[in-house]
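Visitor: Below is a structure I'd like to ask you about.
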Amino acid sequence: MIMNVKNGQKLEERLKQFWRPGDEIICTRIFRRSGNNCYLCGNTPIEWHHVLLNTMTNETIDVEFSCVINIKKIMEKLGAVQKIRFFPQYYEEVEHLNSQYPGTAAIVQFSPNPDVIAQLLSKPKNLSYVQVKSILNHTMKFNNEFMTELFHAALDIYIERKYYIYESLDKHEKTDNVEQSIANYFRDEWERVRSGEDYQEYRSTSYKGDTRYDDIPF
């Protein structure tokens with residue numbers, strides 16, 4: 001639902017229950033079709049789901065594409081300048097959102113240096129969800145022993161802290177052992193990616209200087 005004067009106030013009040021100025025929003029996952037209602041506007045069914053995490057409160061909501069833009073417009077109205085952040089695998093979605101409403105979204109920047117990743121994983125207490133997920137996203141695309149070791153170290157942290165809840169992955173499989181289900185999900189994805197293009201060629205492009213990129217302390 002595209003925001004207009006009539007429903008704008010309603011959407012604003014709804015968003016204020018999830019976010020306030022100063023809070024950061026990151027899209028943790030995008031998936032297609034389910035029976036969920038859009039948190040912001042109530043529309044159902046949703047064609048493209050965007051799971052949004054408030055990193056200050058650790059609360060998540062599920063919204064449709066147009067309401068990602070509505071959220072950005074409300075944020076601007078309330079004086080907030082930050083963008084909604086996305087992991088690099090959603091680069092095309094960021095492009096699409098910004099083509100519809102410039103400045104809506106930005107990509108989380110991640111340093112792919114294996115030594116830096118290893119140093120981060122050596123102090124897991126200092127790692128945030130965004131860092132753990134960025135490490136998983138990156139290391140899963142390499143087919144060598146060292147990166148595989150880093151992937152599994154990050155996966156252990158992800159599962160132990162139940163970060164899968166932030167991505168609504170706890171509902172993707174009805175099993176008695178959710179943790180094992182999530183581990184299987186990531187390992188299956190890891191194997192799928194390994195059988196495809198070499199990540200070093202597929203995602204080697206650097207987006208430094210691109211204003212759609214937001215820095216994250218690594």
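How things are named: the first chain in the structure tokens is A, the next is B, and so on; residues count from 1 in each chain; ligands count from 1 in the order shown.
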Residues at most 7 Å from region 73-86 of chain A, counting only C-alpha atoms, excluding those fewer than 4 positions away in the same chain, as a PyMOL selection string?
Guide: chain A and resi 12+21+25-27+69+90+103-108
Visitor: Using only C-alpha atoms, which of the listed residues (A:Ser168, A:Phe142, A:Val63, A:Lys133) sits closest to Ala154 (chain A)?
Guide: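 Under the stated criterion, the closest residue is A:Lys133.
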Visitor: Env of Pro112 (chain A): 9 Å cut, atoms = only C-alpha atoms, seq-sep filter 4 positions within chain, self excluded. Answer as a list in words.
Guide: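 Result of the neighbour search: Val116, Ile117, Ile135, His138 and Thr139 of chain A.
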Visitor: Atoms to include: C-alpha atoms. Write the selected residues as a PDB file, in the first residue's frame.
Guide:
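The result, written out as selection24.pdb:
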```pdb
ATOM      1  CA  VAL A 116      40.149  -9.912  10.135  1.00  0.00           C
ATOM      2  CA  ILE A 117      37.306 -12.440  10.184  1.00  0.00           C
ATOM      3  CA  ILE A 135      30.665 -13.519   8.142  1.00  0.00           C
ATOM      4  CA  HIS A 138      30.822 -14.297   2.994  1.00  0.00           C
ATOM      5  CA  THR A 139      32.545 -17.478   4.152  1.00  0.00           C
TER       6      THR A 139
END
```
Visitor: Give me the residues within 10 Å of Asn43 (chain A) as an mmCIF file with C-alpha atoms, in the first residue's frame, counting only C-alpha atoms and dropping any in the same chain fewer than 3 places off.
Guide:
```cif
data_model
loop_
_atom_site.group_PDB
_atom_site.id
_atom_site.type_symbol
_atom_site.label_atom_id
_atom_site.label_comp_id
_atom_site.auth_asym_id
_atom_site.auth_seq_id
_atom_site.Cartn_x
_atom_site.Cartn_y
_atom_site.Cartn_z
ATOM 1 C CA MET A 1 0.000 0.000 0.000
ATOM 2 C CA ASN A 36 1.537 -13.138 6.779
ATOM 3 C CA ASN A 37 -0.049 -9.692 6.874
ATOM 4 C CA CYS A 38 2.131 -6.651 6.275
ATOM 5 C CA TYR A 39 2.930 -5.250 9.726
ATOM 6 C CA LEU A 40 2.608 -1.645 8.589
ATOM 7 C CA ILE A 46 2.384 -10.308 0.502
ATOM 8 C CA VAL A 63 6.437 -5.807 5.575
ATOM 9 C CA GLU A 64 5.802 -5.695 1.849
ATOM 10 C CA CYS A 67 5.970 -0.340 2.962
#
```
